[in-house]
$ cat upload_36.pdb   # PDB, C-alpha atoms
ATOM      1  CA  MET A 270      46.485   0.028  47.195  1.00  0.00           C
ATOM      2  CA  THR A 271      47.292  -0.876  43.572  1.00  0.00           C
ATOM      3  CA  ARG A 272      49.063   1.590  41.365  1.00  0.00           C
ATOM      4  CA  PHE A 273      48.891   1.663  37.575  1.00  0.00           C
ATOM      5  CA  SER A 274      51.383   3.351  35.339  1.00  0.00           C
ATOM      6  CA  ILE A 275      50.111   5.044  32.210  1.00  0.00           C
ATOM      7  CA  GLY A 276      52.803   6.634  30.181  1.00  0.00           C
ATOM      8  CA  ARG A 277      55.819   8.409  31.610  1.00  0.00           C
ATOM      9  CA  LYS A 278      55.796   9.182  35.311  1.00  0.00           C
ATOM     10  CA  THR A 279      52.001   9.124  35.579  1.00  0.00           C
ATOM     11  CA  GLU A 280      50.568   6.792  38.125  1.00  0.00           C
ATOM     12  CA  ILE A 281      46.966   6.328  39.249  1.00  0.00           C
ATOM     13  CA  ASN A 282      45.577   4.084  41.948  1.00  0.00           C
ATOM     14  CA  ASP A 283      42.631   1.658  41.733  1.00  0.00           C
ATOM     15  CA  ILE A 284      40.211   4.182  43.306  1.00  0.00           C
ATOM     16  CA  GLU A 285      41.058   6.722  40.622  1.00  0.00           C
ATOM     17  CA  VAL A 286      40.488   4.008  37.945  1.00  0.00           C
ATOM     18  CA  LYS A 287      37.047   3.310  39.389  1.00  0.00           C
ATOM     19  CA  VAL A 288      36.170   7.021  39.417  1.00  0.00           C
ATOM     20  CA  ILE A 289      37.348   7.497  35.815  1.00  0.00           C
ATOM     21  CA  THR A 290      35.469   4.355  34.703  1.00  0.00           C
ATOM     22  CA  THR A 291      32.297   5.533  36.440  1.00  0.00           C
ATOM     23  CA  ILE A 292      32.532   8.957  34.805  1.00  0.00           C
ATOM     24  CA  LEU A 293      33.084   7.406  31.358  1.00  0.00           C
ATOM     25  CA  LEU A 294      30.127   5.034  31.803  1.00  0.00           C
ATOM     26  CA  ALA A 295      27.922   7.947  32.911  1.00  0.00           C
ATOM     27  CA  CYS A 296      28.908   9.952  29.804  1.00  0.00           C
ATOM     28  CA  VAL A 297      28.312   7.026  27.438  1.00  0.00           C
ATOM     29  CA  SER A 298      24.951   6.251  29.096  1.00  0.00           C
ATOM     30  CA  SER A 299      23.869   9.892  28.829  1.00  0.00           C
ATOM     31  CA  LEU A 300      24.740   9.996  25.131  1.00  0.00           C
ATOM     32  CA  ALA A 301      22.878   6.747  24.520  1.00  0.00           C
ATOM     33  CA  LEU A 302      19.765   8.055  26.281  1.00  0.00           C
ATOM     34  CA  LEU A 303      19.865  11.357  24.416  1.00  0.00           C
ATOM     35  CA  SER A 304      20.085   9.592  21.049  1.00  0.00           C
ATOM     36  CA  CYS A 305      16.956   7.542  21.823  1.00  0.00           C
ATOM     37  CA  GLY A 306      14.670  10.577  21.936  1.00  0.00           C
ATOM     38  CA  LYS A 307      11.607  10.901  19.706  1.00  0.00           C
ATOM     39  CA  ILE A 308      12.060  12.060  16.115  1.00  0.00           C
ATOM     40  CA  GLN A 309      10.640  15.507  15.686  1.00  0.00           C
ATOM     41  CA  PRO A 310       8.349  16.086  12.671  1.00  0.00           C
ATOM     42  CA  ALA A 311      10.920  18.423  11.131  1.00  0.00           C
ATOM     43  CA  GLU A 312      13.424  15.545  11.061  1.00  0.00           C
ATOM     44  CA  ILE A 313      11.212  13.231   8.985  1.00  0.00           C
ATOM     45  CA  PRO A 314      12.517  13.244   5.410  1.00  0.00           C
ATOM     46  CA  GLN A 315      10.027  14.632   2.927  1.00  0.00           C
ATOM     47  CA  PRO A 316       9.678  13.047  -0.537  1.00  0.00           C
ATOM     48  CA  ARG A 317      11.008  15.107  -3.374  1.00  0.00           C
ATOM     49  CA  GLN A 318       8.433  16.586  -5.698  1.00  0.00           C
ATOM     50  CA  GLU A 319       9.876  14.609  -8.618  1.00  0.00           C
ATOM     51  CA  GLU A 320       9.198  11.321  -6.801  1.00  0.00           C
ATOM     52  CA  GLU A 321       5.597  12.381  -6.123  1.00  0.00           C
ATOM     53  CA  LYS A 322       5.091  13.205  -9.802  1.00  0.00           C
ATOM     54  CA  GLN A 323       6.466   9.819 -10.845  1.00  0.00           C
ATOM     55  CA  GLU A 324       4.078   8.034  -8.450  1.00  0.00           C
ATOM     56  CA  ASP A 325       1.127  10.059  -9.754  1.00  0.00           C
ATOM     57  CA  ASN A 326       2.054   9.184 -13.361  1.00  0.00           C
ATOM     58  CA  SER A 327       2.319   5.468 -12.599  1.00  0.00           C
ATOM     59  CA  GLN A 328      -1.091   5.485 -10.932  1.00  0.00           C
ATOM     60  CA  SER A 329      -2.740   7.341 -13.801  1.00  0.00           C
ATOM     61  CA  THR A 330      -1.326   4.976 -16.432  1.00  0.00           C
ATOM     62  CA  ALA A 331      -2.756   1.810 -14.829  1.00  0.00           C
ATOM     63  CA  MET A 332      -5.251   0.357 -17.280  1.00  0.00           C
ATOM     64  CA  ILE A 333      -8.413  -1.001 -15.663  1.00  0.00           C
ATOM     65  CA  MET A 334     -10.476  -3.558 -17.560  1.00  0.00           C
ATOM     66  CA  THR A 335     -14.050  -4.491 -16.722  1.00  0.00           C
ATOM     67  CA  ILE A 336     -15.207  -8.085 -17.037  1.00  0.00           C
ATOM     68  CA  THR A 337     -18.951  -8.626 -17.330  1.00  0.00           C
ATOM     69  CA  ALA A 338     -20.647 -12.033 -17.143  1.00  0.00           C
ATOM     70  CA  GLY A 339     -24.209 -12.989 -16.267  1.00  0.00           C
ATOM     71  CA  GLY A 340     -25.157  -9.364 -15.572  1.00  0.00           C
ATOM     72  CA  ARG A 341     -22.370  -8.915 -12.998  1.00  0.00           C
ATOM     73  CA  THR A 342     -19.181  -6.909 -13.440  1.00  0.00           C
ATOM     74  CA  ILE A 343     -15.734  -7.098 -11.843  1.00  0.00           C
ATOM     75  CA  THR A 344     -12.540  -5.199 -12.602  1.00  0.00           C
ATOM     76  CA  ALA A 345      -8.946  -6.160 -13.314  1.00  0.00           C
ATOM     77  CA  THR A 346      -5.720  -4.222 -13.663  1.00  0.00           C
ATOM     78  CA  LEU A 347      -3.943  -4.851 -16.959  1.00  0.00           C
ATOM     79  CA  SER A 348      -0.231  -5.632 -16.921  1.00  0.00           C
ATOM     80  CA  ASP A 349       2.340  -3.268 -18.392  1.00  0.00           C
ATOM     81  CA  ASN A 350       3.506  -5.227 -21.445  1.00  0.00           C
ATOM     82  CA  PRO A 351       2.949  -5.220 -25.228  1.00  0.00           C
ATOM     83  CA  ALA A 352       0.139  -7.813 -25.188  1.00  0.00           C
ATOM     84  CA  SER A 353      -1.838  -5.927 -22.534  1.00  0.00           C
ATOM     85  CA  LYS A 354      -1.350  -2.629 -24.363  1.00  0.00           C
ATOM     86  CA  GLU A 355      -2.566  -4.228 -27.607  1.00  0.00           C
ATOM     87  CA  LEU A 356      -5.601  -5.609 -25.771  1.00  0.00           C
ATOM     88  CA  ALA A 357      -6.321  -2.141 -24.352  1.00  0.00           C
ATOM     89  CA  GLU A 358      -6.151  -0.660 -27.869  1.00  0.00           C
ATOM     90  CA  LYS A 359      -8.684  -3.257 -29.085  1.00  0.00           C
ATOM     91  CA  LEU A 360     -10.932  -2.473 -26.115  1.00  0.00           C
ATOM     92  CA  LYS A 361     -10.721   1.271 -26.831  1.00  0.00           C
ATOM     93  CA  ALA A 362     -12.390   0.500 -30.155  1.00  0.00           C
ATOM     94  CA  GLY A 363     -15.195  -1.272 -28.291  1.00  0.00           C
ATOM     95  CA  PRO A 364     -15.989  -4.164 -25.963  1.00  0.00           C
ATOM     96  CA  VAL A 365     -14.874  -7.690 -26.864  1.00  0.00           C
ATOM     97  CA  THR A 366     -17.179 -10.602 -26.065  1.00  0.00           C
ATOM     98  CA  VAL A 367     -15.677 -14.060 -25.669  1.00  0.00           C
ATOM     99  CA  ARG A 368     -17.486 -17.380 -25.285  1.00  0.00           C
ATOM    100  CA  MET A 369     -15.567 -18.931 -22.385  1.00  0.00           C
ATOM    101  CA  LYS A 370     -15.406 -22.544 -21.268  1.00  0.00           C
ATOM    102  CA  ALA A 371     -14.716 -23.934 -17.795  1.00  0.00           C
ATOM    103  CA  ASN A 372     -12.188 -26.633 -17.017  1.00  0.00           C
ATOM    104  CA  GLY A 373     -12.042 -26.687 -13.223  1.00  0.00           C
ATOM    105  CA  PHE A 374      -9.314 -24.111 -12.538  1.00  0.00           C
ATOM    106  CA  GLU A 375     -10.016 -21.451 -15.172  1.00  0.00           C
ATOM    107  CA  HIS A 376     -12.409 -20.091 -17.748  1.00  0.00           C
ATOM    108  CA  TYR A 377     -10.825 -19.673 -21.179  1.00  0.00           C
ATOM    109  CA  GLY A 378     -11.833 -18.712 -24.695  1.00  0.00           C
ATOM    110  CA  PRO A 379     -10.669 -17.362 -28.058  1.00  0.00           C
ATOM    111  CA  LEU A 380     -10.313 -13.604 -28.373  1.00  0.00           C
ATOM    112  CA  GLY A 381     -10.871 -13.626 -32.150  1.00  0.00           C
ATOM    113  CA  PHE A 382      -7.548 -11.867 -32.714  1.00  0.00           C
ATOM    114  CA  SER A 383      -3.916 -12.427 -31.766  1.00  0.00           C
ATOM    115  CA  LEU A 384      -1.739 -10.490 -29.356  1.00  0.00           C
ATOM    116  CA  THR A 385       2.041 -10.334 -29.026  1.00  0.00           C
ATOM    117  CA  ARG A 386       3.302 -13.368 -27.148  1.00  0.00           C
ATOM    118  CA  GLN A 387       5.908 -13.051 -24.441  1.00  0.00           C
ATOM    119  CA  ASP A 388       5.359 -16.507 -23.053  1.00  0.00           C
ATOM    120  CA  GLU A 389       7.102 -17.573 -19.885  1.00  0.00           C
ATOM    121  CA  GLN A 390       6.633 -20.512 -17.564  1.00  0.00           C
ATOM    122  CA  ILE A 391       4.028 -19.337 -15.069  1.00  0.00           C
ATOM    123  CA  THR A 392       2.224 -21.025 -12.220  1.00  0.00           C
ATOM    124  CA  ALA A 393      -1.118 -19.278 -12.431  1.00  0.00           C
ATOM    125  CA  ALA A 394      -2.925 -18.248  -9.258  1.00  0.00           C
ATOM    126  CA  SER A 395      -6.477 -17.148  -8.594  1.00  0.00           C
ATOM    127  CA  GLY A 396      -7.187 -13.826 -10.305  1.00  0.00           C
ATOM    128  CA  ASP A 397      -4.499 -14.151 -12.971  1.00  0.00           C
ATOM    129  CA  ILE A 398      -5.553 -13.192 -16.495  1.00  0.00           C
ATOM    130  CA  LEU A 399      -3.220 -14.849 -18.973  1.00  0.00           C
ATOM    131  CA  LEU A 400      -2.841 -15.181 -22.731  1.00  0.00           C
ATOM    132  CA  TYR A 401      -2.492 -18.712 -24.074  1.00  0.00           C
ATOM    133  CA  ASN A 402      -1.176 -19.418 -27.610  1.00  0.00           C
ATOM    134  CA  GLY A 403      -1.388 -15.727 -28.490  1.00  0.00           C
ATOM    135  CA  ASN A 404      -5.164 -15.667 -28.970  1.00  0.00           C
ATOM    136  CA  ASN A 405      -6.918 -17.270 -25.970  1.00  0.00           C
ATOM    137  CA  ILE A 406      -7.738 -15.380 -22.799  1.00  0.00           C
ATOM    138  CA  CYS A 407      -7.727 -17.339 -19.536  1.00  0.00           C
ATOM    139  CA  VAL A 408      -9.035 -16.169 -16.163  1.00  0.00           C
ATOM    140  CA  PHE A 409      -7.843 -18.371 -13.299  1.00  0.00           C
ATOM    141  CA  TYR A 410      -9.556 -19.223 -10.024  1.00  0.00           C
ATOM    142  CA  GLY A 411      -7.275 -22.223  -9.471  1.00  0.00           C
ATOM    143  CA  SER A 412      -3.674 -23.031 -10.271  1.00  0.00           C
ATOM    144  CA  ASN A 413      -1.918 -24.357 -13.364  1.00  0.00           C
ATOM    145  CA  SER A 414       1.664 -24.229 -14.633  1.00  0.00           C
ATOM    146  CA  TRP A 415       2.186 -23.568 -18.324  1.00  0.00           C
ATOM    147  CA  SER A 416       3.743 -21.153 -20.763  1.00  0.00           C
ATOM    148  CA  TYR A 417       1.630 -17.965 -20.776  1.00  0.00           C
ATOM    149  CA  THR A 418       1.832 -14.209 -21.349  1.00  0.00           C
ATOM    150  CA  ARG A 419       0.512 -12.068 -18.475  1.00  0.00           C
ATOM    151  CA  LEU A 420      -2.415  -9.831 -19.326  1.00  0.00           C
ATOM    152  CA  GLY A 421      -3.617  -8.700 -15.927  1.00  0.00           C
ATOM    153  CA  LYS A 422      -5.002  -9.523 -12.517  1.00  0.00           C
ATOM    154  CA  VAL A 423      -8.387  -9.516 -10.781  1.00  0.00           C
ATOM    155  CA  GLU A 424      -7.854  -8.238  -7.227  1.00  0.00           C
ATOM    156  CA  GLY A 425     -10.079  -8.441  -4.192  1.00  0.00           C
ATOM    157  CA  LEU A 426     -11.963 -11.656  -4.957  1.00  0.00           C
ATOM    158  CA  SER A 427     -11.274 -15.032  -3.408  1.00  0.00           C
ATOM    159  CA  ALA A 428     -10.899 -18.093  -5.620  1.00  0.00           C
ATOM    160  CA  ASP A 429     -14.420 -19.213  -4.671  1.00  0.00           C
ATOM    161  CA  GLU A 430     -15.897 -15.778  -5.429  1.00  0.00           C
ATOM    162  CA  LEU A 431     -14.176 -15.692  -8.828  1.00  0.00           C
ATOM    163  CA  LYS A 432     -15.310 -19.233  -9.657  1.00  0.00           C
ATOM    164  CA  SER A 433     -18.864 -18.302  -8.652  1.00  0.00           C
ATOM    165  CA  PHE A 434     -18.692 -15.182 -10.855  1.00  0.00           C
ATOM    166  CA  PHE A 435     -18.045 -17.337 -13.950  1.00  0.00           C
ATOM    167  CA  GLY A 436     -20.264 -20.262 -12.955  1.00  0.00           C
ATOM    168  CA  LYS A 437     -19.759 -23.926 -13.801  1.00  0.00           C
ATOM    169  CA  GLY A 438     -20.207 -24.047 -17.561  1.00  0.00           C
ATOM    170  CA  ASP A 439     -19.759 -22.033 -20.741  1.00  0.00           C
ATOM    171  CA  ILE A 440     -20.546 -18.338 -20.470  1.00  0.00           C
ATOM    172  CA  SER A 441     -20.327 -15.211 -22.611  1.00  0.00           C
ATOM    173  CA  VAL A 442     -17.930 -12.722 -21.057  1.00  0.00           C
ATOM    174  CA  THR A 443     -17.537  -9.119 -22.199  1.00  0.00           C
ATOM    175  CA  TYR A 444     -14.250  -7.300 -21.704  1.00  0.00           C
ATOM    176  CA  SER A 445     -14.049  -3.499 -21.894  1.00  0.00           C
ATOM    177  CA  LEU A 446     -11.915  -0.629 -20.611  1.00  0.00           C
ATOM    178  CA  LYS A 447     -13.148   1.148 -17.528  1.00  0.00           C
ATOM    179  CA  GLN A 448     -14.141   4.709 -18.339  1.00  0.00           C
TER     180      GLN A 448
END

$ encode --input "upload_36.pdb" --output "structure tokens"
Amino acid sequence: MTRFSIGRKTEINDIEVKVITTILLACVSSLALLSCGKIQPAEIPQPRQEEEKQEDNSQSTAMIMTITAGGRTITATLSDNPASKELAEKLKAGPVTVRMKANGFEHYGPLGFSLTRQDEQITAASGDILLYNGNNICVFYGSNSWSYTRLGKVEGLSADELKSFFGKGDISVTYSLKQ
């Protein structure tokens, strides 16, 4: 029999060590199992009312633009920047019709007015609506890298669907704010 000394005049044998170890393992295992129980609904943190109000405000301020071409209409969400806000103000006064040209990865055309430029190097993707040179609107169904200002995004259409919407050649496109 092996004896261990722990502190002054206290000795325990190897059987006692095994018993103590077993008891400690049982306690630790029990605690681990208890902590793995299901979360009760009352324990799920609830969002504060202020956070809910902020989310509601952000959803209500999203500006939705309609794009109509060839008798069909799609929608886009405008970006939150000065150029997009200026475009929305123009569209509040009435729809804007632009004669747009195709070049293989986008349709583009002159707005007839200028918007604030905040150009940055962007690799455009399908659905991107970008401002080029401060007065040209571009709607992408392909990709191109250049210096643009973001105006918005068409969501929910594939590149092929967006390309089909505009067709292969020049087309008159009317932009307006969704009511």

$ resolve_selection --input "upload_36.pdb" --expression "the PyMOL selection byres ((chain A and resi 435) around 10)" --output "list in words"
Thr337, Ala338, Gly339, Arg341, Met369, Lys370, Ala371, Glu375, His376, Val408, Tyr410, Glu430, Leu431, Lys432, Ser433, Phe434, Gly436, Lys437, Gly438, Asp439, Ile440, Ser441 and Val442 of chain A

$ closest_residue --input "upload_36.pdb" --among "A:Arg386, A:Ser414, A:Leu426, A:Cys407" --to "Val367 (chain A)" --atoms "only C-alpha atoms"
A:Cys407

$ resolve_selection --input "upload_36.pdb" --expression "the PyMOL selection byres ((chain A and resi 421) around 12)" --output "PyMOL selection string"
chain A and resi 331-336+344-354+356-357+393-400+406-409+417-420+422-424

$ closest_residue --input "upload_36.pdb" --among "A:Asn402, A:Ser416, A:Asn372, A:Ser427" --to "Gln390 (chain A)" --atoms "all atoms listed in the file"
A:Ser416

$ residues_near_point --input "upload_36.pdb" --point "(-15.0, 1.1, -21.0)" --cutoff "8 Å" --atoms "all atoms listed in the file" --output "PyMOL selection string"
chain A and resi 334-335+360-361+363-364+445-448

$ write_last_selection --input "upload_36.pdb" --atoms "C-alpha atoms" --output "mmCIF file, in the frame of the given file"
data_model
loop_
_atom_site.group_PDB
_atom_site.id
_atom_site.type_symbol
_atom_site.label_atom_id
_atom_site.label_comp_id
_atom_site.auth_asym_id
_atom_site.auth_seq_id
_atom_site.Cartn_x
_atom_site.Cartn_y
_atom_site.Cartn_z
ATOM 1 C CA MET A 334 -10.476 -3.558 -17.560
ATOM 2 C CA THR A 335 -14.050 -4.491 -16.722
ATOM 3 C CA LEU A 360 -10.932 -2.473 -26.115
ATOM 4 C CA LYS A 361 -10.721 1.271 -26.831
ATOM 5 C CA GLY A 363 -15.195 -1.272 -28.291
ATOM 6 C CA PRO A 364 -15.989 -4.164 -25.963
ATOM 7 C CA SER A 445 -14.049 -3.499 -21.894
ATOM 8 C CA LEU A 446 -11.915 -0.629 -20.611
ATOM 9 C CA LYS A 447 -13.148 1.148 -17.528
ATOM 10 C CA GLN A 448 -14.141 4.709 -18.339
#

$ closest_residue --input "upload_36.pdb" --among "A:Pro379, A:Glu358, A:Ile343, A:Ile292" --to "Gly425 (chain A)" --atoms "all atoms listed in the file"
A:Ile343

$ build_atoms --input "upload_36.pdb" --residues "region 373-387 of chain A" --atoms "N, CA and C atoms" --output "JSON list (two decimals), in the coordinates of the input"
[["chain", "number", "residue", "atom", "x", "y", "z"],
["A", 373, "GLY", "N", -12.33, -26.36, -14.61],
["A", 373, "GLY", "CA", -12.04, -26.69, -13.22],
["A", 373, "GLY", "C", -11.14, -25.70, -12.49],
["A", 374, "PHE", "N", -10.21, -25.08, -13.19],
["A", 374, "PHE", "CA", -9.31, -24.11, -12.54],
["A", 374, "PHE", "C", -9.28, -22.77, -13.27],
["A", 375, "GLU", "N", -10.01, -22.68, -14.39],
["A", 375, "GLU", "CA", -10.02, -21.45, -15.17],
["A", 375, "GLU", "C", -11.23, -21.43, -16.08],
["A", 376, "HIS", "N", -11.52, -20.24, -16.60],
["A", 376, "HIS", "CA", -12.41, -20.09, -17.75],
["A", 376, "HIS", "C", -11.52, -19.55, -18.86],
["A", 377, "TYR", "N", -11.69, -20.07, -20.07],
["A", 377, "TYR", "CA", -10.82, -19.67, -21.18],
["A", 377, "TYR", "C", -11.65, -19.61, -22.46],
["A", 378, "GLY", "N", -11.16, -18.81, -23.41],
["A", 378, "GLY", "CA", -11.83, -18.71, -24.70],
["A", 378, "GLY", "C", -11.04, -17.90, -25.70],
["A", 379, "PRO", "N", -11.39, -18.06, -26.99],
["A", 379, "PRO", "CA", -10.67, -17.36, -28.06],
["A", 379, "PRO", "C", -11.07, -15.88, -28.14],
["A", 380, "LEU", "N", -10.07, -15.03, -28.25],
["A", 380, "LEU", "CA", -10.31, -13.60, -28.37],
["A", 380, "LEU", "C", -10.86, -13.21, -29.76],
["A", 381, "GLY", "N", -10.50, -13.98, -30.78],
["A", 381, "GLY", "CA", -10.87, -13.63, -32.15],
["A", 381, "GLY", "C", -9.79, -12.81, -32.84],
["A", 382, "PHE", "N", -8.71, -12.57, -32.16],
["A", 382, "PHE", "CA", -7.55, -11.87, -32.71],
["A", 382, "PHE", "C", -6.33, -12.31, -31.90],
["A", 383, "SER", "N", -5.16, -12.03, -32.45],
["A", 383, "SER", "CA", -3.92, -12.43, -31.77],
["A", 383, "SER", "C", -3.24, -11.22, -31.13],
["A", 384, "LEU", "N", -2.52, -11.50, -30.05],
["A", 384, "LEU", "CA", -1.74, -10.49, -29.36],
["A", 384, "LEU", "C", -0.28, -10.95, -29.31],
["A", 385, "THR", "N", 0.62, -10.01, -29.11],
["A", 385, "THR", "CA", 2.04, -10.33, -29.03],
["A", 385, "THR", "C", 2.30, -11.29, -27.87],
["A", 386, "ARG", "N", 2.98, -12.38, -28.17],
["A", 386, "ARG", "CA", 3.30, -13.37, -27.15],
["A", 386, "ARG", "C", 4.65, -13.05, -26.51],
["A", 387, "GLN", "N", 4.67, -13.10, -25.22],
["A", 387, "GLN", "CA", 5.91, -13.05, -24.44],
["A", 387, "GLN", "C", 5.80, -14.16, -23.41]]
